[in-house]
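run-v1.cif (mmCIF, C-alpha atoms)
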data_upload
loop_
_atom_site.label_atom_id
_atom_site.label_comp_id
_atom_site.auth_asym_id
_atom_site.auth_seq_id
_atom_site.Cartn_x
_atom_site.Cartn_y
_atom_site.Cartn_z
CA MET F 257 19.07 12.95 -2.66
CA GLN F 258 21.20 9.82 -2.52
CA LYS F 259 24.12 10.09 -0.13
CA SER F 260 27.63 8.67 -0.43
CA ALA F 261 29.80 8.09 2.58
CA VAL F 262 33.15 6.46 3.21
CA VAL F 263 32.43 3.14 4.81
CA ASN F 264 33.88 2.18 8.17
CA PHE F 265 31.27 -0.50 8.63
CA ASP F 266 31.14 -3.17 11.31
CA TYR F 267 30.80 -6.32 9.21
CA SER F 268 30.45 -8.42 12.35
CA ILE F 269 26.84 -7.27 12.44
CA LEU F 270 26.22 -9.15 9.22
CA SER F 271 27.89 -12.33 10.48
CA GLU F 272 25.88 -12.55 13.69
CA ASP F 273 23.33 -14.70 11.91
CA ASN F 274 24.44 -15.90 8.50
CA ALA F 275 21.30 -18.00 8.25
CA VAL F 276 19.30 -14.78 7.98
CA LEU F 277 21.45 -12.71 5.66
CA GLY F 278 20.59 -13.53 2.05
CA THR F 279 17.56 -15.63 2.99
CA ALA F 280 14.29 -13.79 3.09
CA PHE F 281 11.30 -14.70 5.17
CA ASN F 282 9.55 -15.66 1.94
CA GLY F 283 12.46 -17.74 0.67
CA GLY F 284 13.80 -15.09 -1.69
CA GLN F 285 15.70 -11.85 -1.23
CA SER F 286 16.20 -10.72 2.37
CA LEU F 287 15.70 -7.22 3.70
CA ALA F 288 19.10 -7.25 5.42
CA SER F 289 20.91 -8.04 2.17
CA CYS F 290 19.27 -5.02 0.53
CA VAL F 291 19.89 -2.49 3.27
CA SER F 292 23.15 -1.15 1.85
CA SER F 293 24.84 -0.84 -1.49
CA PHE F 294 28.61 -0.78 -1.56
CA ARG F 295 30.97 0.25 -4.34
CA THR F 296 34.63 1.25 -4.73
CA ASN F 297 35.34 4.79 -5.84
CA PRO F 298 38.13 5.71 -8.32
CA PHE F 299 40.55 6.09 -5.40
CA GLY F 300 40.05 2.50 -4.28
CA VAL F 301 38.04 3.44 -1.20
CA MET F 302 34.85 1.51 -0.51
CA ILE F 303 31.92 3.85 -0.13
CA MET F 304 28.29 3.32 0.82
CA ASP F 305 25.41 4.64 -1.29
CA CYS F 306 22.19 4.94 0.63
CA ASP F 307 19.67 7.35 2.12
CA LEU F 308 21.05 6.98 5.63
CA PRO F 309 23.09 9.77 7.20
CA ASP F 310 25.91 7.85 8.91
CA ARG F 311 27.35 4.58 10.14
CA LYS F 312 25.27 4.48 13.32
CA ALA F 313 22.03 4.73 11.35
CA MET F 314 23.27 1.99 9.02
CA ASP F 315 24.23 -0.25 11.95
CA ILE F 316 20.72 0.16 13.42
CA ALA F 317 19.08 -0.42 10.03
CA VAL F 318 20.98 -3.68 9.52
CA LYS F 319 20.09 -4.97 13.00
CA LEU F 320 16.43 -4.09 12.50
CA ALA F 321 16.40 -5.65 9.03
CA MET F 322 17.84 -8.90 10.35
CA ALA F 323 15.18 -8.99 13.08
CA ILE F 324 12.50 -8.40 10.46
CA ASP F 325 13.87 -11.18 8.24
CA LYS F 326 13.48 -13.53 11.21
CA ASN F 327 10.01 -12.11 11.88
CA SER F 328 11.00 -11.49 15.50
CA PRO F 329 8.87 -8.88 17.29
CA GLU F 330 10.90 -9.57 20.44
CA GLU F 331 14.15 -8.47 18.78
CA ILE F 332 12.44 -5.41 17.32
CA ARG F 333 11.17 -4.42 20.77
CA PHE F 334 14.68 -4.89 22.22
CA LEU F 335 16.21 -2.67 19.52
CA LYS F 336 13.48 -0.05 20.00
CA ALA F 337 14.26 0.05 23.72
CA GLN F 338 17.95 0.40 22.95
CA TYR F 339 17.86 2.94 20.12
CA GLY F 340 14.27 4.15 19.79
CA SER F 341 14.88 7.65 21.16
CA THR F 342 17.68 8.43 18.70
CA LYS F 343 17.44 10.32 15.43
CA GLU F 344 19.41 7.52 13.76
CA PHE F 345 16.68 5.03 14.68
CA ALA F 346 14.06 7.27 13.08
CA SER F 347 16.17 7.48 9.91
CA ALA F 348 16.65 3.72 9.85
CA LYS F 349 12.94 3.07 10.31
CA GLU F 350 11.97 5.39 7.46
CA TYR F 351 14.62 3.79 5.25
CA LEU F 352 13.41 0.24 6.01
CA ASP F 353 9.83 1.21 5.27
CA ARG F 354 10.91 2.10 1.74
CA LYS F 355 13.14 -0.96 1.38
CA ALA F 356 10.39 -3.35 2.56
CA LYS F 357 8.21 -2.15 -0.30
CA GLN F 358 11.01 -3.06 -2.72
CA VAL F 359 11.87 -6.47 -1.24
CA TRP F 360 8.25 -7.58 -0.88
CA ASP F 361 6.87 -5.77 -3.92
CA VAL F 362 3.11 -6.33 -4.07
CA PHE F 363 2.87 -5.19 -7.69
CA TYR F 364 5.63 -7.37 -9.09
CA ASN F 365 4.31 -10.39 -7.17
CA ARG F 366 0.61 -9.66 -7.58
CA ASP F 367 -0.30 -13.19 -8.71
CA LYS F 368 1.73 -15.10 -6.13
CA LYS F 369 1.05 -14.93 -2.41
CA MET F 370 4.21 -13.90 -0.57
CA ARG F 371 5.14 -14.83 2.96
CA VAL F 372 5.89 -11.51 4.60
CA PRO F 373 7.20 -10.96 8.17
CA LYS F 374 4.18 -8.93 9.14
CA GLU F 375 4.45 -9.30 12.92
CA ALA F 376 7.98 -7.90 13.06
CA MET F 377 7.21 -5.12 10.59
CA LYS F 378 4.08 -4.16 12.50
CA THR F 379 6.07 -3.99 15.76
CA LEU F 380 8.54 -1.60 14.11
CA GLY F 381 5.79 0.34 12.37
CA VAL F 382 6.83 -0.32 8.77
CA THR F 383 4.95 -2.05 5.97
CA ASN F 384 5.37 -3.32 2.44
CA LEU F 385 1.80 -2.31 1.61
CA PRO F 386 1.31 0.87 -0.42
CA SER F 387 -1.46 3.10 0.89
CA LEU F 388 -4.79 3.55 -0.87
CA GLU F 389 -3.85 7.21 -1.25
CA PHE F 390 -0.76 6.11 -3.18
CA MET F 391 -2.72 3.73 -5.41
CA LEU F 392 -5.95 5.69 -5.93
CA GLY F 393 -5.14 9.33 -5.17
CA ASP F 394 -4.09 10.45 -8.65
CA SER F 395 -6.92 8.52 -10.25
CA VAL F 396 -9.73 10.13 -8.24
CA ARG F 397 -8.17 13.60 -8.47
CA LEU F 398 -7.27 13.57 -12.15
CA PHE F 399 -8.99 10.87 -14.18
CA GLU F 400 -12.56 10.95 -12.86
CA LYS F 401 -12.99 14.26 -14.67
CA ASP F 402 -12.07 12.58 -17.96
CA GLY F 403 -14.81 9.97 -17.65
CA SER F 404 -12.25 7.17 -17.89
CA SER F 405 -12.31 3.75 -16.23
CA THR F 406 -8.95 4.30 -14.51
CA THR F 407 -10.41 4.27 -11.00
CA VAL F 408 -12.45 1.14 -11.67
CA ASP F 409 -9.45 -0.62 -13.22
CA THR F 410 -7.30 0.31 -10.22
CA ILE F 411 -9.89 -0.90 -7.70
CA ARG F 412 -10.21 -4.21 -9.53
CA SER F 413 -6.44 -4.56 -9.53
CA ILE F 414 -6.29 -3.91 -5.78
CA LEU F 415 -9.03 -6.41 -4.99
CA THR F 416 -7.49 -9.18 -7.11
CA ASN F 417 -3.92 -8.67 -5.91
CA LYS F 418 -2.98 -11.70 -3.79
CA ASN F 419 -0.67 -9.62 -1.59
CA LEU F 420 -2.98 -6.72 -0.79
CA ASP F 421 -5.29 -7.06 2.19
CA TYR F 422 -7.59 -4.16 1.35
CA THR F 423 -11.30 -4.95 1.21
CA PHE F 424 -13.97 -3.13 -0.77
CA GLU F 425 -15.10 -1.55 2.53
CA ASP F 426 -11.59 -0.07 2.91
CA ILE F 427 -11.80 1.26 -0.64
CA TYR F 428 -15.24 2.75 -0.05
CA GLU F 429 -13.95 4.57 3.04
CA TYR F 430 -11.07 5.94 0.97
CA LEU F 431 -13.42 7.10 -1.80
CA LEU F 432 -15.54 8.80 0.87
CA PHE F 433 -12.44 10.48 2.30
CA ALA F 434 -11.31 11.57 -1.18
CA HIS F 435 -14.74 13.01 -2.01
CA LYS F 436 -14.65 15.14 1.13
CA LYS F 437 -10.97 16.14 0.95
CA TYR F 438 -10.59 16.75 -2.79
CA CYS F 439 -14.22 17.59 -3.62
CA CYS F 440 -14.07 14.96 -6.34
CA PHE F 441 -17.18 13.56 -7.96
CA TYR F 442 -17.18 10.10 -9.44
CA ASN F 443 -17.91 9.59 -13.12
CA LEU F 444 -20.52 7.35 -14.70
CA LYS F 445 -18.22 4.34 -15.15
CA THR F 446 -17.14 4.47 -11.53
CA VAL F 447 -20.71 4.93 -10.28
CA THR F 448 -21.91 1.98 -12.39
CA TYR F 449 -19.23 -0.18 -10.80
CA LEU F 450 -20.02 1.06 -7.29
CA ILE F 451 -23.76 0.41 -7.67
CA GLU F 452 -23.12 -3.31 -7.98
CA TRP F 453 -20.60 -3.50 -5.15
CA LEU F 454 -22.76 -1.41 -2.82
CA ASP F 455 -25.88 -3.32 -3.85
CA CYS F 456 -27.26 0.02 -5.01
CA ASP F 457 -27.27 1.45 -1.49
CA VAL F 458 -28.53 4.92 -2.38
CA GLU F 459 -27.52 6.32 1.00
CA LYS F 460 -23.90 5.23 0.59
CA LEU F 461 -23.83 6.46 -2.99
CA ALA F 462 -25.24 9.83 -1.90
CA ALA F 463 -22.43 10.11 0.68
CA LEU F 464 -20.01 9.90 -2.26
CA GLY F 465 -21.77 12.81 -3.94
CA VAL F 466 -23.72 10.64 -6.40
CA ASP F 467 -27.16 12.11 -7.13
CA ASP F 468 -30.35 10.34 -8.19
CA LYS F 469 -29.97 11.43 -11.79
CA THR F 470 -26.54 9.82 -12.08
CA ILE F 471 -27.77 6.61 -10.44
CA THR F 472 -30.69 6.46 -12.89
CA LYS F 473 -28.34 6.93 -15.83
CA ALA F 474 -25.88 4.33 -14.51
CA LEU F 475 -28.64 1.77 -14.06
CA GLN F 476 -29.25 1.78 -17.80
CA ALA F 477 -26.18 -0.44 -18.11
CA PHE F 478 -27.74 -3.12 -15.88
CA SER F 479 -29.94 -5.99 -16.90
CA PHE F 480 -33.69 -5.77 -16.35
CA THR F 481 -33.41 -8.42 -13.63
CA ALA F 482 -30.79 -6.42 -11.74
CA LYS F 483 -32.92 -3.28 -11.97
CA LEU F 484 -35.89 -5.18 -10.53
CA LYS F 485 -33.72 -6.50 -7.70
CA TYR F 486 -32.71 -2.99 -6.68
CA LEU F 487 -36.27 -1.72 -7.00
CA PHE F 488 -37.76 -4.46 -4.84
CA LYS F 489 -35.01 -4.04 -2.25
CA GLY F 490 -36.43 -0.60 -1.70
CA ASN F 491 -33.17 1.12 -2.58
CA LEU F 492 -34.68 3.03 -5.49
CA LYS F 493 -37.53 5.42 -5.90
CA LEU F 494 -39.89 4.44 -8.72
CA SER F 495 -38.99 7.72 -10.46
CA MET F 496 -35.34 6.55 -10.59
CA PHE F 497 -36.18 3.23 -12.22
CA PRO F 498 -35.19 3.21 -15.93
CA LEU F 499 -37.26 0.45 -17.49
#

Using structure tokens, write down the structure that the file contains.
Amino acid sequence: MQKSAVVNFDYSILSEDNAVLGTAFNGGQSLASCVSSFRTNPFGVMIMDCDLPDRKAMDIAVKLAMAIDKNSPEEIRFLKAQYGSTKEFASAKEYLDRKAKQVWDVFYNRDKKMRVPKEAMKTLGVTNLPSLEFMLGDSVRLFEKDGSSTTVDTIRSILTNKNLDYTFEDIYEYLLFAHKKYCCFYNLKTVTYLIEWLDCDVEKLAALGVDDKTITKALQAFSFTAKLKYLFKGNLKLSMFPL
């Protein structure tokens, strides 16, 4: 739930480095400028709307955000040594992890490579990258059963996003994890897509729960030349080869 608190905020924190505040690492919006949202209530008192519990947590969040905007692992390490054992630091870190995903939004900026302060964020342990569970979890749990192309469309979107660093190998490992954890089985459209990416590696497909019958059916969508390639590579049994 969003919290509101009367602000008794130390604005000197924000003036320590005016070159940082309002200027992001990628030349756009900064993390520090997005850390807090201020408004005046009907009684004329300025209040702070945020997910942080108190002023100390906000002070720490602002200092960390400014260090991130400068991409300074050294400043992050200094602040961790100073505040890292406090509950306010933990709150600030969790808050900045969410804010970083908003400031450096990989979905909104999918076609333009952003400059992101990765070294500083990594030192703090926050990221602007959504997890594969976040991006693919619902798809493999819900839409594979419907026979839709949702999983394939999502994987393609991940691999073509200029600001996502995930490789197909990362995605395969997630699909393997999801198969084991959720007992999900991949539909024909997904299997057809995976056959090409995995070069029809039957062993890797089997690890995903794909049986020979499904592989044979999926191969019907491939050209005769592609089928021959997989056959001669030794990946397929002759009985699986749909001429």

Which residues of range 317-409 of chain F sit at most 8 Å from range 446-452 of chain F, using all atoms listed in the file? Give each one's shortest atom pair and distance in Å (one decimal place), in chain and ascending residue order, as JSON lines.
{"residue": "F:Ser405", "atom": "CA", "partner": "F:Thr446", "partner_atom": "CA", "distance": 6.8}
{"residue": "F:Thr407", "atom": "CA", "partner": "F:Thr446", "partner_atom": "CA", "distance": 6.8}
{"residue": "F:Val408", "atom": "CA", "partner": "F:Thr446", "partner_atom": "CA", "distance": 5.8}

Using only C-alpha atoms, which protein or nucleic acid residues come within 12 Å of Ile324 in chain F? Drop anything in the same chain fewer than 2 positions from it, and give the result as an MDAnalysis selection string. chainID F and resid 276:277 279:282 286:289 291 317:322 326:333 335 349 352:353 355:356 359 372:384

Please enumerate the residues selected by the PyMOL selection byres ((chain F and resi 473-489) around 7) when evaluated against the supplied file, formatted as a list in words. Leu444, Val447, Thr448, Cys456, Lys469, Thr470, Ile471, Thr472, Gly490, Asn491, Leu492 and Pro498 of chain F

Output C-alpha atoms for every residue in the selection just made, as a PDB file, in the frame of the given file.
ATOM      1  CA  LEU F 444     -20.520   7.350 -14.700  1.00  0.00           C
ATOM      2  CA  VAL F 447     -20.710   4.930 -10.280  1.00  0.00           C
ATOM      3  CA  THR F 448     -21.910   1.980 -12.390  1.00  0.00           C
ATOM      4  CA  CYS F 456     -27.260   0.020  -5.010  1.00  0.00           C
ATOM      5  CA  LYS F 469     -29.970  11.430 -11.790  1.00  0.00           C
ATOM      6  CA  THR F 470     -26.540   9.820 -12.080  1.00  0.00           C
ATOM      7  CA  ILE F 471     -27.770   6.610 -10.440  1.00  0.00           C
ATOM      8  CA  THR F 472     -30.690   6.460 -12.890  1.00  0.00           C
ATOM      9  CA  GLY F 490     -36.430  -0.600  -1.700  1.00  0.00           C
ATOM     10  CA  ASN F 491     -33.170   1.120  -2.580  1.00  0.00           C
ATOM     11  CA  LEU F 492     -34.680   3.030  -5.490  1.00  0.00           C
ATOM     12  CA  PRO F 498     -35.190   3.210 -15.930  1.00  0.00           C
TER      13      PRO F 498
END

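Among the candidate residues F:Phe441, F:Phe433, F:Tyr422, F:Phe299, the one lying nearest to Ser387 in chain F is F:Tyr422, with distances computed using only C-alpha atoms.
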
For each of F:Phe334, F:Tyr339, F:Trp360, F:Tyr430, take the minimum atom-to-atom distance to Phe390 in chain F, counting only C-alpha atoms, then give the residue where this is smallest.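 For Phe390 in chain F, the nearest of the given residues is F:Tyr430.
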
Test item: the PyMOL selection byres ((chain F and resi 461) around 10) resolved as a compact mmCIF listing (two decimals) with C-alpha atoms, keeping the file's coordinate frame:
# COMPACT_ATOMS: atom_id res chain seq x y z
CA TYR F 428 -15.24 2.75 -0.05
CA LEU F 432 -15.54 8.80 0.87
CA TYR F 442 -17.18 10.10 -9.44
CA VAL F 447 -20.71 4.93 -10.28
CA LEU F 450 -20.02 1.06 -7.29
CA ILE F 451 -23.76 0.41 -7.67
CA LEU F 454 -22.76 -1.41 -2.82
CA CYS F 456 -27.26 0.02 -5.01
CA ASP F 457 -27.27 1.45 -1.49
CA VAL F 458 -28.53 4.92 -2.38
CA GLU F 459 -27.52 6.32 1.00
CA LYS F 460 -23.90 5.23 0.59
CA ALA F 462 -25.24 9.83 -1.90
CA ALA F 463 -22.43 10.11 0.68
CA LEU F 464 -20.01 9.90 -2.26
CA GLY F 465 -21.77 12.81 -3.94
CA VAL F 466 -23.72 10.64 -6.40
CA ASP F 467 -27.16 12.11 -7.13
CA ASP F 468 -30.35 10.34 -8.19
CA ILE F 471 -27.77 6.61 -10.44

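CA of Val396 in chain F is positioned 27.8 Å from CA of Lys368 in chain F.
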
Separation of CA of Leu398 in chain F and CA of Asp367 in chain F, in Å? 27.9 Å

May I ask for the distance between CA of Leu392 in chain F and CA of Tyr351 in chain F, given in Å to one decimal place? 23.5 Å

I need range 474-485 of chain F from the structure I supplied, saved as a short mmCIF file (atom, residue, chain, number, x, y, z; two decimals), in the first residue's frame with all heavy atoms retained.
data_model
loop_
_atom_site.label_atom_id
_atom_site.label_comp_id
_atom_site.auth_asym_id
_atom_site.auth_seq_id
_atom_site.Cartn_x
_atom_site.Cartn_y
_atom_site.Cartn_z
N ALA F 474 5.79 -31.93 -35.35
CA ALA F 474 6.29 -30.56 -35.53
C ALA F 474 7.12 -30.44 -36.79
O ALA F 474 7.09 -29.41 -37.48
CB ALA F 474 7.11 -30.15 -34.31
N LEU F 475 7.86 -31.48 -37.13
CA LEU F 475 8.73 -31.44 -38.30
C LEU F 475 7.96 -31.33 -39.61
O LEU F 475 8.53 -30.97 -40.65
CB LEU F 475 9.62 -32.68 -38.34
CG LEU F 475 10.84 -32.65 -37.41
CD1 LEU F 475 11.50 -34.02 -37.35
CD2 LEU F 475 11.84 -31.60 -37.87
N GLN F 476 6.68 -31.61 -39.57
CA GLN F 476 5.86 -31.49 -40.78
C GLN F 476 5.81 -30.05 -41.28
O GLN F 476 5.55 -29.80 -42.46
CB GLN F 476 4.45 -32.02 -40.52
CG GLN F 476 4.42 -33.52 -40.26
CD GLN F 476 3.03 -34.02 -39.86
OE1 GLN F 476 2.10 -33.23 -39.76
NE2 GLN F 476 2.91 -35.31 -39.62
N ALA F 477 6.07 -29.10 -40.38
CA ALA F 477 6.04 -27.69 -40.77
C ALA F 477 7.34 -27.24 -41.44
O ALA F 477 7.42 -26.13 -41.97
CB ALA F 477 5.77 -26.82 -39.54
N PHE F 478 8.36 -28.10 -41.43
CA PHE F 478 9.67 -27.74 -41.97
C PHE F 478 9.79 -28.14 -43.44
O PHE F 478 9.10 -29.04 -43.91
CB PHE F 478 10.78 -28.41 -41.16
CG PHE F 478 10.99 -27.80 -39.79
CD1 PHE F 478 10.11 -28.08 -38.75
CD2 PHE F 478 12.05 -26.95 -39.55
CE1 PHE F 478 10.29 -27.53 -37.51
CE2 PHE F 478 12.25 -26.39 -38.31
CZ PHE F 478 11.36 -26.67 -37.27
N SER F 479 10.69 -27.47 -44.11
CA SER F 479 10.94 -27.81 -45.51
C SER F 479 11.62 -29.18 -45.60
O SER F 479 12.21 -29.66 -44.62
CB SER F 479 11.84 -26.75 -46.16
OG SER F 479 13.15 -26.82 -45.59
N PHE F 480 11.57 -29.78 -46.77
CA PHE F 480 12.19 -31.08 -46.98
C PHE F 480 13.70 -30.99 -46.73
O PHE F 480 14.31 -31.90 -46.15
CB PHE F 480 11.92 -31.57 -48.42
CG PHE F 480 12.51 -32.91 -48.72
CD1 PHE F 480 11.91 -34.06 -48.24
CD2 PHE F 480 13.66 -33.02 -49.49
CE1 PHE F 480 12.46 -35.31 -48.51
CE2 PHE F 480 14.21 -34.26 -49.77
CZ PHE F 480 13.60 -35.41 -49.29
N THR F 481 14.30 -29.88 -47.13
CA THR F 481 15.74 -29.69 -46.93
C THR F 481 16.10 -29.67 -45.46
O THR F 481 17.09 -30.28 -45.02
CB THR F 481 16.20 -28.38 -47.59
OG1 THR F 481 15.85 -28.39 -48.97
CG2 THR F 481 17.70 -28.20 -47.45
N ALA F 482 15.28 -28.97 -44.65
CA ALA F 482 15.53 -28.90 -43.22
C ALA F 482 15.38 -30.27 -42.57
O ALA F 482 16.18 -30.65 -41.70
CB ALA F 482 14.57 -27.91 -42.57
N LYS F 483 14.37 -31.02 -43.02
CA LYS F 483 14.18 -32.37 -42.48
C LYS F 483 15.40 -33.24 -42.77
O LYS F 483 15.87 -34.00 -41.91
CB LYS F 483 12.92 -33.00 -43.08
CG LYS F 483 11.62 -32.32 -42.68
CD LYS F 483 10.46 -32.88 -43.49
CE LYS F 483 9.18 -32.11 -43.24
NZ LYS F 483 8.08 -32.57 -44.11
N LEU F 484 15.92 -33.14 -44.00
CA LEU F 484 17.10 -33.91 -44.37
C LEU F 484 18.31 -33.52 -43.51
O LEU F 484 19.09 -34.37 -43.08
CB LEU F 484 17.44 -33.69 -45.84
CG LEU F 484 16.59 -34.45 -46.86
CD1 LEU F 484 17.01 -34.06 -48.27
CD2 LEU F 484 16.72 -35.96 -46.66
N LYS F 485 18.43 -32.21 -43.24
CA LYS F 485 19.56 -31.74 -42.43
C LYS F 485 19.53 -32.40 -41.06
O LYS F 485 20.54 -32.90 -40.56
CB LYS F 485 19.50 -30.22 -42.28
CG LYS F 485 20.66 -29.64 -41.48
CD LYS F 485 20.49 -28.17 -41.19
CE LYS F 485 19.55 -27.95 -40.03
NZ LYS F 485 19.56 -26.55 -39.53
#
